[in-house]
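J.: Take a look at this one; I'll ask things after.
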Amino acid sequence: MSQFTEIRNKLAFNIKHGNIQGSLEVAKATANFVDLIASSDGWTVASDLLKIVNDEGKKLTTALPLHATVANVLLQLMHIIRAEYYYAVNQSTQAVQRFVESCMNCEEIQEKKFSAQCPGLKDAILDHIAEYRTELDLSVDNITEQAAEQIQPGEVIMTIGRSSIVAAFLQAKKAAEHLSDFQVIVAEGAPQCEGVKMAELLAKSKIQTTLISDTNIYSFMSRVTKVILGTNLVLRSGGLRALPGAHMVGLVAHEHKVPVIVVAPTYKFSSMLSESHQSDNETFNLLANPKGVAKFKDGIIASNVKVLNPMYDFVPPDYVSQVVSNIGTYGVSHMFTAINELYGAVEESAKDLKMAVV
Amino acid sequence: MEENPVQPLSKSKRKRLRKKLNKQGPKEDGGEAQADLEFVPAVQVEPPAEPCPCLKPQPDLEREEESPVKVKEPENTQEIPKTEQIKMDVTKGAEMSREDIKAARQAKKAAKKSKENKKPEQKEEKTIVPKEKAQEQAQPKPAVVKEPVQKAPVEKIEETGSTDKGKVQQKSSKELKEERRLKQEAQRAAKAQKAEQAKAPPVIEAKPSKSVKAVTENVNKPAKPMLTGLARTIATMARECARIDCNPDGVHPAFLQLEARMQSRLLEGSTARVVGLMRALRSVINDYKVPENVAITRDLVEHVEKQVAYLRGRRLMSVALDHAIKSLRLNTLAYDVSEQEAKVTVNAAIDAYINKIEQDMQSVALNLAHKVKDGALLAVYSYSCLIMNALKQLFKTGKRFRVVVVGSNTHNGGMTMLSQLSDLGVECTYLLINQVNFIMPRVQLVLLGAESMLANCSMVGPAGSAQIACVANSQGVPVYACCETSKFSYDSHQGSFFKQNELGINLLFLTFSPLFTHCKCAEPEFLAPQLKNMPYMSQCSLRCDVVPERFISAIITEVTILPCSSVPDVLHSPSSDTVLKSRTT
């Protein structure tokens, strides 16, 4: 029992029960939690702090297997702690830059074990975490600023399911130019069918919206000029873990040579590695209860019927053209570097990977 | 009556058919009725929930409507003993689908209302909308409909069907049971009053159309929002769909019902639709009476064309249906043929066509057997009568395979397929079209039921087919289209998915949705009913999909397994039916 147990449990409870809704809020709450740990007196050297964050983080992510954001934020903040330590030890921005960018220095860092006493480290870490939290606060604004570059008047945009960040992106464009006449096609996104809510939201902000069934994605794609997707995670490879149907939209867009733009703030960037398509699909997916797929009244309660309800879809990087995030717009091939900057080198975060990959 | 799938085959015909089938392939199942009705999964499947939409006997609602309207003389019904029919219907009552029950129930209510307030017709028309609302409110009380009303005027049935269906509500199973019981009572009573019914005075058919007009006018009042681009396209399509030839004046009840069953996807799969059409046509022919001083050949063609135009107006005609009608060669009837002879000839042609469909289905099953290995994992999308039948055949010949049934949440074709396959004992997995990527890497074969093959080698299938094919293709899984050559078409894909598409009923372009209230069946679930009339918002769900040639590995036909590129060759081959040579309109 550590001093953070109660706070951690409360946080987990609130997230699980929907008191904290939306990935942005979850990310903020997690950052607050780490801030709390860092500002406590429970640690003197960086390795202690890292250990506490890692232990608490493991428990938190175990309690919240569906919220990848939590793991992402924890890992990103741990990287920040390491970077600050490294800066404190070397007192050189160049060194930190090297640390951030390069995998080569990993061994060097490992040897030092983050155990040196550094005066001022705590303040530096707290400053950096505060900066991170500000970044979270501004993430939506930073993303929506780029809407004007991405959407031209007269475009027909397709999206699937509900994503608050995509909605904000589109609404920002609409608000910026009152006369801009782009249209949005929203696919329902079964089994949750949150596309309905999305369409409602967009129509309320006076964007011409068409709600289509998931079966019509192919039919409508020939009229679409751009696909904008929200996502659950962006992987190092540039692939996505998104809601079911995203793969289909991506594939069909690819087939029609329609660019696919993914809107994802940095807390959705995951340190997860993705290998082959097959293994991705099998390993990182979760099967939810089949409620949304087949209704009880459909009477298929037969021994020889299996009803599957995978929660996620893997979108290979080939289908993604661009990732718009709060720190800039990336091409897919650049994702690897961008994510490394957030998490440190592959090997570095690989240690913590057990925590992150749920 | 003729609509019943069991009835149309006389005993001698059954024997002949069985001989043919036995020649074609081994059959394990010895049962007689079983043997010649292999293609009718509907009849054999027992679950009360949803028998088989495809070839299910048409509900007796039609019979009730039909006889008072068209049957002016008892001799029209002489061909089939009616008592037997009604027995069948009573037993089938329990199997009726929800829609049918609802329709029947509403019809009864309407009839009762009309009895109660015996007001002049005009008044009724004016107050039609509030009346429907009143009915809606009255719905929870089953007591209202307790006594079966037999002399329900036909036009009321049509009317209620048309105005009410848009608001179909979810019902508890309790209510459904109650309805079913009432229905059965009604049918028993119907049996007793059969003779009376036949003598019921013919009704005036003008009324439904008037009511439709009234509704339409009401609809046009609200100011239309500015529509641009896609929304405009959809709106235009919706209006077209509502406008063209939708006037049900003079359309035979069998066709009205056929249309409703197609719209509500009770009749799913193109093969099932063809059979449904043929049965409806038989009713039309049997009830047909030549006007005086008119040549039967001309008038009959016109008469049938009028019925077909109604379907066409609702964008429900497909290539297979066109071919089926052409195959009857109504225009080649001898000039001086008597009415009775003409009916016999046409009936024979209809029987022959239905038989041919059965045979084709058997052959497709045999061809498919070459492609399905033991222990294979197949994926099928939505419901296809042809595929269902073929898989049934394979399973009965001892082949073991597992099936991934892919469905969608907008229509329950997948669920129908699933329940029928699992009833057979096939190991099944079910998921939605969005999630198909999850299972696709393990699938060895994708089967798609084709509505038709176009001359440019594309396949027309139920909406979503293209996506399934696309996913399969991206992962190197072969896709086979199952299609009889009678569904090959001279038309070619126009490039636009809107050109020849059907609007799903739940595809209501919402600002125009009241236009659809005269569509006879609405699906119980809209994409988003709560968003009705929301400005800047439209909803769309198309029914058909055009699958490009490149996604399809081969077509499994009754002749052989062909590459897609052979479609034009088949169309031009000297052996192909001359019927196919003429372009479909």
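Quick note on naming: the chains in the structure tokens go A, B, ... in the order shown, residues restart at 1 in each chain, and ligands are numbered from 1 in order of appearance.
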Which residues are close to range 228-235 of chain A, i.e. within 8 Å by only C-alpha atoms, leaving aside same-chain residues fewer than 2 positions away? Reply as a ChimeraX atom specification.
T.: /A:68,157-160,162-163,165-166,226,237-243,246,260-264,268-274,335
J.: Distance limit 8 Å, atoms considered: only C-alpha atoms. Which chain A residues sit that close to chain B? Return them as a compact mmCIF listing (two decimals) with all heavy atoms, in the first residue's frame.
T.:
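File produced: out.txt:
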# COMPACT_ATOMS: atom_id res chain seq x y z
N GLN A 183 -19.01 19.02 -47.56
CA GLN A 183 -20.02 18.13 -47.01
C GLN A 183 -19.34 16.98 -46.30
O GLN A 183 -18.22 16.63 -46.62
CB GLN A 183 -20.86 17.51 -48.12
CG GLN A 183 -21.48 18.49 -49.05
CD GLN A 183 -22.03 17.76 -50.24
OE1 GLN A 183 -22.68 16.73 -50.09
NE2 GLN A 183 -21.77 18.27 -51.41
N GLY A 189 -20.87 3.14 -38.34
CA GLY A 189 -19.89 2.54 -37.44
C GLY A 189 -20.51 1.53 -36.50
O GLY A 189 -20.40 1.65 -35.29
N ALA A 190 -21.17 0.52 -37.08
CA ALA A 190 -21.74 -0.54 -36.26
C ALA A 190 -20.59 -1.27 -35.57
O ALA A 190 -19.47 -1.23 -36.05
CB ALA A 190 -22.52 -1.50 -37.14
N PRO A 191 -20.76 -1.93 -34.45
CA PRO A 191 -22.02 -2.13 -33.74
C PRO A 191 -22.42 -0.99 -32.82
O PRO A 191 -23.55 -0.98 -32.34
CB PRO A 191 -21.73 -3.38 -32.93
CG PRO A 191 -20.28 -3.37 -32.70
CD PRO A 191 -19.67 -2.73 -33.88
N VAL A 196 -24.25 8.03 -35.74
CA VAL A 196 -25.51 8.76 -35.67
C VAL A 196 -25.33 10.03 -34.84
O VAL A 196 -25.73 11.12 -35.23
CB VAL A 196 -26.61 7.87 -35.08
CG1 VAL A 196 -27.91 8.63 -34.96
CG2 VAL A 196 -26.79 6.62 -35.92
N ALA A 199 -23.18 12.50 -36.70
CA ALA A 199 -23.91 13.21 -37.75
C ALA A 199 -24.78 14.30 -37.14
O ALA A 199 -24.89 15.41 -37.68
CB ALA A 199 -24.77 12.22 -38.53
N GLU A 200 -25.39 13.98 -36.03
CA GLU A 200 -26.25 14.95 -35.37
C GLU A 200 -25.43 16.18 -34.96
O GLU A 200 -25.83 17.32 -35.17
CB GLU A 200 -26.88 14.28 -34.15
CG GLU A 200 -28.00 15.09 -33.55
CD GLU A 200 -28.60 14.39 -32.34
OE1 GLU A 200 -28.15 13.28 -32.01
OE2 GLU A 200 -29.50 14.98 -31.74
N ALA A 203 -24.49 18.16 -38.03
CA ALA A 203 -25.63 18.86 -38.62
C ALA A 203 -26.02 20.06 -37.76
O ALA A 203 -26.45 21.08 -38.27
CB ALA A 203 -26.80 17.90 -38.77
N LYS A 204 -25.85 19.92 -36.47
CA LYS A 204 -26.19 21.03 -35.58
C LYS A 204 -25.29 22.22 -35.82
O LYS A 204 -25.69 23.36 -35.64
CB LYS A 204 -26.08 20.59 -34.11
CG LYS A 204 -27.38 20.02 -33.60
CD LYS A 204 -27.29 19.68 -32.12
CE LYS A 204 -28.54 18.94 -31.68
NZ LYS A 204 -28.27 18.10 -30.50
N LYS A 206 -24.40 23.08 -38.59
CA LYS A 206 -24.74 23.51 -39.96
C LYS A 206 -23.80 22.99 -41.03
O LYS A 206 -23.58 23.65 -42.05
CB LYS A 206 -24.85 25.03 -40.03
CG LYS A 206 -25.87 25.56 -39.05
CD LYS A 206 -26.16 27.01 -39.28
CE LYS A 206 -27.29 27.47 -38.37
NZ LYS A 206 -27.58 28.88 -38.48
N ILE A 207 -23.23 21.85 -40.80
CA ILE A 207 -22.45 21.22 -41.86
C ILE A 207 -23.39 20.25 -42.57
O ILE A 207 -24.11 19.49 -41.92
CB ILE A 207 -21.26 20.45 -41.26
CG1 ILE A 207 -20.33 21.42 -40.54
CG2 ILE A 207 -20.50 19.68 -42.35
CD1 ILE A 207 -19.24 20.75 -39.74
N GLN A 208 -23.40 20.31 -43.89
CA GLN A 208 -24.26 19.41 -44.64
C GLN A 208 -23.79 17.97 -44.44
O GLN A 208 -22.71 17.60 -44.90
CB GLN A 208 -24.24 19.79 -46.12
CG GLN A 208 -25.19 18.99 -46.99
CD GLN A 208 -26.64 19.28 -46.64
OE1 GLN A 208 -27.10 20.41 -46.65
NE2 GLN A 208 -27.36 18.23 -46.30
N THR A 209 -24.58 17.19 -43.76
CA THR A 209 -24.14 15.86 -43.35
C THR A 209 -25.04 14.78 -43.95
O THR A 209 -26.25 14.95 -44.03
CB THR A 209 -24.19 15.76 -41.81
OG1 THR A 209 -23.58 16.90 -41.26
CG2 THR A 209 -23.50 14.51 -41.34
N THR A 210 -24.44 13.70 -44.36
CA THR A 210 -25.20 12.56 -44.82
C THR A 210 -24.82 11.36 -44.00
O THR A 210 -23.65 11.00 -43.92
CB THR A 210 -24.90 12.27 -46.31
OG1 THR A 210 -25.10 13.47 -47.05
CG2 THR A 210 -25.80 11.18 -46.85
N LEU A 211 -25.81 10.77 -43.40
CA LEU A 211 -25.55 9.57 -42.60
C LEU A 211 -25.79 8.36 -43.49
O LEU A 211 -26.84 8.24 -44.11
CB LEU A 211 -26.50 9.54 -41.40
CG LEU A 211 -26.41 8.34 -40.47
CD1 LEU A 211 -25.07 8.33 -39.76
CD2 LEU A 211 -27.54 8.37 -39.46
N ILE A 212 -24.80 7.50 -43.62
CA ILE A 212 -24.99 6.33 -44.47
C ILE A 212 -24.78 5.06 -43.64
O ILE A 212 -24.17 5.08 -42.58
CB ILE A 212 -24.02 6.31 -45.68
CG1 ILE A 212 -22.58 6.26 -45.20
CG2 ILE A 212 -24.28 7.49 -46.57
CD1 ILE A 212 -21.60 5.93 -46.28
N SER A 213 -25.31 3.99 -44.18
CA SER A 213 -25.11 2.72 -43.50
C SER A 213 -23.72 2.19 -43.85
O SER A 213 -23.13 2.57 -44.87
CB SER A 213 -26.21 1.74 -43.92
OG SER A 213 -25.67 0.66 -44.58
N ASP A 214 -23.20 1.33 -43.01
CA ASP A 214 -21.84 0.84 -43.22
C ASP A 214 -21.68 0.06 -44.53
O ASP A 214 -20.58 -0.09 -45.04
CB ASP A 214 -21.44 -0.08 -42.07
CG ASP A 214 -21.36 0.68 -40.77
OD1 ASP A 214 -20.99 1.86 -40.82
OD2 ASP A 214 -21.68 0.11 -39.73
N THR A 215 -22.79 -0.43 -45.03
CA THR A 215 -22.70 -1.23 -46.25
C THR A 215 -22.49 -0.36 -47.49
O THR A 215 -22.19 -0.87 -48.55
CB THR A 215 -23.98 -2.04 -46.45
OG1 THR A 215 -25.09 -1.16 -46.36
CG2 THR A 215 -24.11 -3.11 -45.39
N ASN A 216 -22.67 0.94 -47.35
CA ASN A 216 -22.59 1.81 -48.52
C ASN A 216 -21.28 2.55 -48.67
O ASN A 216 -21.16 3.44 -49.50
CB ASN A 216 -23.74 2.82 -48.49
CG ASN A 216 -25.08 2.15 -48.59
OD1 ASN A 216 -26.02 2.56 -47.96
ND2 ASN A 216 -25.15 1.07 -49.35
N ILE A 217 -20.32 2.19 -47.84
CA ILE A 217 -19.05 2.90 -47.88
C ILE A 217 -18.44 2.85 -49.29
O ILE A 217 -18.02 3.86 -49.83
CB ILE A 217 -18.08 2.32 -46.84
CG1 ILE A 217 -18.59 2.63 -45.43
CG2 ILE A 217 -16.68 2.90 -47.01
CD1 ILE A 217 -17.87 1.89 -44.34
N TYR A 218 -18.47 1.68 -49.87
CA TYR A 218 -17.86 1.54 -51.20
C TYR A 218 -18.61 2.39 -52.22
O TYR A 218 -18.00 3.07 -53.05
CB TYR A 218 -17.86 0.07 -51.62
CG TYR A 218 -16.95 -0.21 -52.78
CD1 TYR A 218 -15.67 -0.67 -52.58
CD2 TYR A 218 -17.37 0.02 -54.08
CE1 TYR A 218 -14.81 -0.90 -53.63
CE2 TYR A 218 -16.54 -0.21 -55.15
CZ TYR A 218 -15.25 -0.67 -54.92
OH TYR A 218 -14.41 -0.89 -55.97
N SER A 219 -19.92 2.35 -52.15
CA SER A 219 -20.73 3.09 -53.12
C SER A 219 -20.44 4.58 -53.06
O SER A 219 -20.39 5.26 -54.07
CB SER A 219 -22.21 2.86 -52.86
OG SER A 219 -22.48 1.52 -52.64
N PHE A 220 -20.29 5.09 -51.85
CA PHE A 220 -20.14 6.53 -51.71
C PHE A 220 -18.71 7.00 -51.91
O PHE A 220 -18.47 8.17 -52.14
CB PHE A 220 -20.63 6.98 -50.34
CG PHE A 220 -22.12 7.18 -50.28
CD1 PHE A 220 -22.96 6.13 -50.02
CD2 PHE A 220 -22.66 8.42 -50.53
CE1 PHE A 220 -24.32 6.31 -49.99
CE2 PHE A 220 -24.03 8.61 -50.52
CZ PHE A 220 -24.86 7.55 -50.24
N PRO A 244 -14.07 -0.64 -35.29
CA PRO A 244 -14.36 -1.53 -36.40
C PRO A 244 -14.92 -0.75 -37.58
O PRO A 244 -15.76 0.12 -37.41
CB PRO A 244 -15.41 -2.49 -35.84
CG PRO A 244 -15.35 -2.37 -34.39
CD PRO A 244 -14.74 -1.06 -34.05
N GLY A 245 -14.46 -1.09 -38.75
CA GLY A 245 -14.93 -0.40 -39.94
C GLY A 245 -13.87 0.55 -40.49
O GLY A 245 -13.88 0.89 -41.66
N ALA A 246 -12.96 0.95 -39.61
CA ALA A 246 -11.93 1.88 -40.06
C ALA A 246 -11.06 1.23 -41.13
O ALA A 246 -10.66 1.88 -42.10
CB ALA A 246 -11.08 2.33 -38.88
N HIS A 247 -10.79 -0.05 -40.94
CA HIS A 247 -9.98 -0.74 -41.94
C HIS A 247 -10.67 -0.72 -43.29
O HIS A 247 -10.05 -0.47 -44.31
CB HIS A 247 -9.74 -2.19 -41.50
CG HIS A 247 -9.09 -3.03 -42.55
ND1 HIS A 247 -9.82 -3.78 -43.44
CD2 HIS A 247 -7.79 -3.20 -42.89
CE1 HIS A 247 -8.98 -4.40 -44.25
NE2 HIS A 247 -7.75 -4.06 -43.94
N MET A 248 -11.96 -0.97 -43.24
CA MET A 248 -12.72 -1.02 -44.48
C MET A 248 -12.73 0.34 -45.16
O MET A 248 -12.53 0.45 -46.37
CB MET A 248 -14.13 -1.47 -44.16
CG MET A 248 -14.88 -1.97 -45.33
SD MET A 248 -16.33 -2.84 -44.76
CE MET A 248 -15.73 -4.49 -44.76
N LEU A 251 -9.28 0.92 -46.55
CA LEU A 251 -9.02 0.07 -47.72
C LEU A 251 -9.76 0.59 -48.95
O LEU A 251 -9.18 0.70 -50.04
CB LEU A 251 -9.45 -1.37 -47.41
CG LEU A 251 -9.44 -2.35 -48.55
CD1 LEU A 251 -8.03 -2.56 -49.05
CD2 LEU A 251 -10.04 -3.67 -48.14
N VAL A 252 -11.02 0.90 -48.75
CA VAL A 252 -11.83 1.36 -49.89
C VAL A 252 -11.30 2.71 -50.38
O VAL A 252 -11.23 2.96 -51.59
CB VAL A 252 -13.31 1.44 -49.49
CG1 VAL A 252 -14.13 2.07 -50.58
CG2 VAL A 252 -13.84 0.05 -49.18
N GLN A 278 -1.41 -9.69 -39.79
CA GLN A 278 -2.07 -10.82 -39.13
C GLN A 278 -1.88 -10.76 -37.62
O GLN A 278 -2.84 -10.78 -36.86
CB GLN A 278 -1.50 -12.13 -39.68
CG GLN A 278 -1.90 -13.37 -38.92
CD GLN A 278 -3.27 -13.85 -39.33
OE1 GLN A 278 -3.67 -13.67 -40.48
NE2 GLN A 278 -3.99 -14.44 -38.42
N ASN A 281 -3.70 -7.97 -35.86
CA ASN A 281 -5.12 -8.17 -35.70
C ASN A 281 -5.44 -9.14 -34.58
O ASN A 281 -6.39 -8.98 -33.84
CB ASN A 281 -5.67 -8.70 -37.02
CG ASN A 281 -7.00 -8.07 -37.31
OD1 ASN A 281 -7.55 -7.39 -36.46
ND2 ASN A 281 -7.51 -8.31 -38.48
N GLU A 282 -4.64 -10.15 -34.47
CA GLU A 282 -4.94 -11.18 -33.49
C GLU A 282 -4.50 -10.78 -32.10
O GLU A 282 -5.17 -11.08 -31.13
CB GLU A 282 -4.25 -12.49 -33.88
CG GLU A 282 -4.58 -12.96 -35.26
CD GLU A 282 -5.85 -13.76 -35.29
OE1 GLU A 282 -6.05 -14.60 -34.40
OE2 GLU A 282 -6.67 -13.53 -36.20
N VAL A 293 -23.87 -6.92 -31.93
CA VAL A 293 -23.81 -7.64 -33.20
C VAL A 293 -25.09 -8.44 -33.44
O VAL A 293 -25.68 -8.39 -34.50
CB VAL A 293 -22.59 -8.57 -33.24
CG1 VAL A 293 -22.55 -9.35 -34.53
CG2 VAL A 293 -21.33 -7.78 -33.06
N ASP A 298 -32.88 -12.40 -31.54
CA ASP A 298 -32.64 -13.04 -32.83
C ASP A 298 -32.59 -14.56 -32.70
O ASP A 298 -32.61 -15.28 -33.68
CB ASP A 298 -31.35 -12.52 -33.47
CG ASP A 298 -31.55 -11.13 -34.02
OD1 ASP A 298 -32.66 -10.85 -34.47
OD2 ASP A 298 -30.60 -10.33 -33.98
N ILE A 300 -30.31 -16.89 -31.78
CA ILE A 300 -29.26 -17.70 -32.37
C ILE A 300 -28.52 -18.44 -31.28
O ILE A 300 -27.35 -18.73 -31.40
CB ILE A 300 -28.28 -16.83 -33.17
CG1 ILE A 300 -28.04 -15.56 -32.41
CG2 ILE A 300 -28.79 -16.55 -34.53
CD1 ILE A 300 -26.65 -15.15 -32.34
N ALA A 302 -27.64 -21.09 -30.39
CA ALA A 302 -27.43 -22.47 -30.76
C ALA A 302 -25.97 -22.81 -30.46
O ALA A 302 -25.11 -21.95 -30.46
CB ALA A 302 -27.72 -22.67 -32.24
N ASN A 304 -23.81 -24.25 -32.15
CA ASN A 304 -22.85 -24.19 -33.23
C ASN A 304 -22.68 -22.79 -33.82
O ASN A 304 -22.15 -22.62 -34.91
CB ASN A 304 -23.21 -25.18 -34.33
CG ASN A 304 -24.66 -25.03 -34.74
OD1 ASN A 304 -25.37 -24.21 -34.17
ND2 ASN A 304 -25.09 -25.82 -35.68
N VAL A 305 -23.15 -21.79 -33.12
CA VAL A 305 -22.97 -20.43 -33.62
C VAL A 305 -22.08 -19.63 -32.68
O VAL A 305 -22.30 -19.61 -31.48
CB VAL A 305 -24.33 -19.70 -33.75
CG1 VAL A 305 -24.11 -18.25 -34.10
CG2 VAL A 305 -25.17 -20.37 -34.81
N LYS A 306 -21.08 -19.02 -33.27
CA LYS A 306 -20.23 -18.13 -32.49
C LYS A 306 -20.50 -16.72 -32.98
O LYS A 306 -20.50 -16.47 -34.18
CB LYS A 306 -18.75 -18.46 -32.74
CG LYS A 306 -18.14 -19.35 -31.69
CD LYS A 306 -16.66 -19.46 -31.94
CE LYS A 306 -16.35 -20.63 -32.84
NZ LYS A 306 -14.97 -20.72 -33.26
N VAL A 307 -20.74 -15.82 -32.09
CA VAL A 307 -20.92 -14.43 -32.50
C VAL A 307 -19.72 -13.64 -32.01
O VAL A 307 -19.42 -13.63 -30.82
CB VAL A 307 -22.22 -13.85 -31.93
CG1 VAL A 307 -22.36 -12.40 -32.34
CG2 VAL A 307 -23.40 -14.64 -32.41
N LEU A 308 -19.01 -13.03 -32.94
CA LEU A 308 -17.80 -12.30 -32.58
C LEU A 308 -18.08 -10.80 -32.59
O LEU A 308 -18.83 -10.31 -33.41
CB LEU A 308 -16.68 -12.60 -33.58
CG LEU A 308 -16.26 -14.05 -33.72
CD1 LEU A 308 -15.14 -14.14 -34.73
CD2 LEU A 308 -15.81 -14.62 -32.40
N ASN A 309 -17.49 -10.13 -31.68
CA ASN A 309 -17.59 -8.67 -31.67
C ASN A 309 -16.22 -8.07 -31.35
O ASN A 309 -15.97 -7.62 -30.25
CB ASN A 309 -18.63 -8.23 -30.65
CG ASN A 309 -18.87 -6.73 -30.69
OD1 ASN A 309 -18.37 -6.05 -31.58
ND2 ASN A 309 -19.60 -6.23 -29.72
N PRO A 310 -15.31 -8.10 -32.33
CA PRO A 310 -14.00 -7.48 -32.09
C PRO A 310 -14.15 -5.98 -31.88
O PRO A 310 -14.93 -5.34 -32.58
CB PRO A 310 -13.22 -7.79 -33.36
CG PRO A 310 -14.19 -8.29 -34.35
CD PRO A 310 -15.44 -8.66 -33.67
N ASP A 313 -10.12 -2.40 -35.01
CA ASP A 313 -9.76 -2.74 -36.37
C ASP A 313 -8.33 -2.24 -36.55
O ASP A 313 -7.98 -1.17 -36.07
CB ASP A 313 -10.69 -1.99 -37.32
CG ASP A 313 -11.18 -2.89 -38.43
OD1 ASP A 313 -10.69 -4.03 -38.51
OD2 ASP A 313 -12.05 -2.46 -39.19
J.: Using only C-alpha atoms, which of the listed residues (A:Arg133, A:Lys51, A:Lys173, A:Arg236) sits closest to Ala148 in chain A?
T.: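 Of all the options, A:Lys173 lies closest to Ala148 in chain A.
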J.: Could you please determine the separation between CA of Gly414 in chain B and CA of Gln393 in chain B in Å, to one decimal place?
T.: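 Separating CA of Gly414 in chain B from CA of Gln393 in chain B is a distance of 19.2 Å.
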J.: Just give me the gap between CA of Val337 in chain B and CA of Arg279 in chain B in Å, one decimal is fine.
T.: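 Going from CA of Val337 in chain B over to CA of Arg279 in chain B, I get 22.6 Å.
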J.: What lies within 8 Å of Ala38 in chain A using only C-alpha atoms, ignoring chain neighbours under 6 positions off, as an mmCIF file with N, CA and C atoms, in the first residue's frame?
T.:
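Output file part.cif is given in full below:
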data_model
loop_
_atom_site.group_PDB
_atom_site.id
_atom_site.type_symbol
_atom_site.label_atom_id
_atom_site.label_comp_id
_atom_site.auth_asym_id
_atom_site.auth_seq_id
_atom_site.Cartn_x
_atom_site.Cartn_y
_atom_site.Cartn_z
ATOM 1 N N LEU A 49 11.592 7.766 -8.425
ATOM 2 C CA LEU A 49 10.375 8.309 -9.039
ATOM 3 C C LEU A 49 9.885 7.410 -10.166
ATOM 4 N N LYS A 122 13.862 17.946 -9.270
ATOM 5 C CA LYS A 122 12.430 17.894 -8.996
ATOM 6 C C LYS A 122 11.697 19.072 -9.636
ATOM 7 N N ILE A 125 11.534 18.627 -13.328
ATOM 8 C CA ILE A 125 10.543 17.618 -13.727
ATOM 9 C C ILE A 125 9.130 18.182 -13.607
ATOM 10 N N LEU A 126 8.872 18.849 -12.487
ATOM 11 C CA LEU A 126 7.535 19.418 -12.293
ATOM 12 C C LEU A 126 7.214 20.452 -13.375
#
J.: Ile555 in chain B: which residues within 7 Å, counting only C-alpha atoms, same-chain residues fewer than 2 positions away excluded, as a ChimeraX atom specification?
T.: /B:480-483,557,561-564
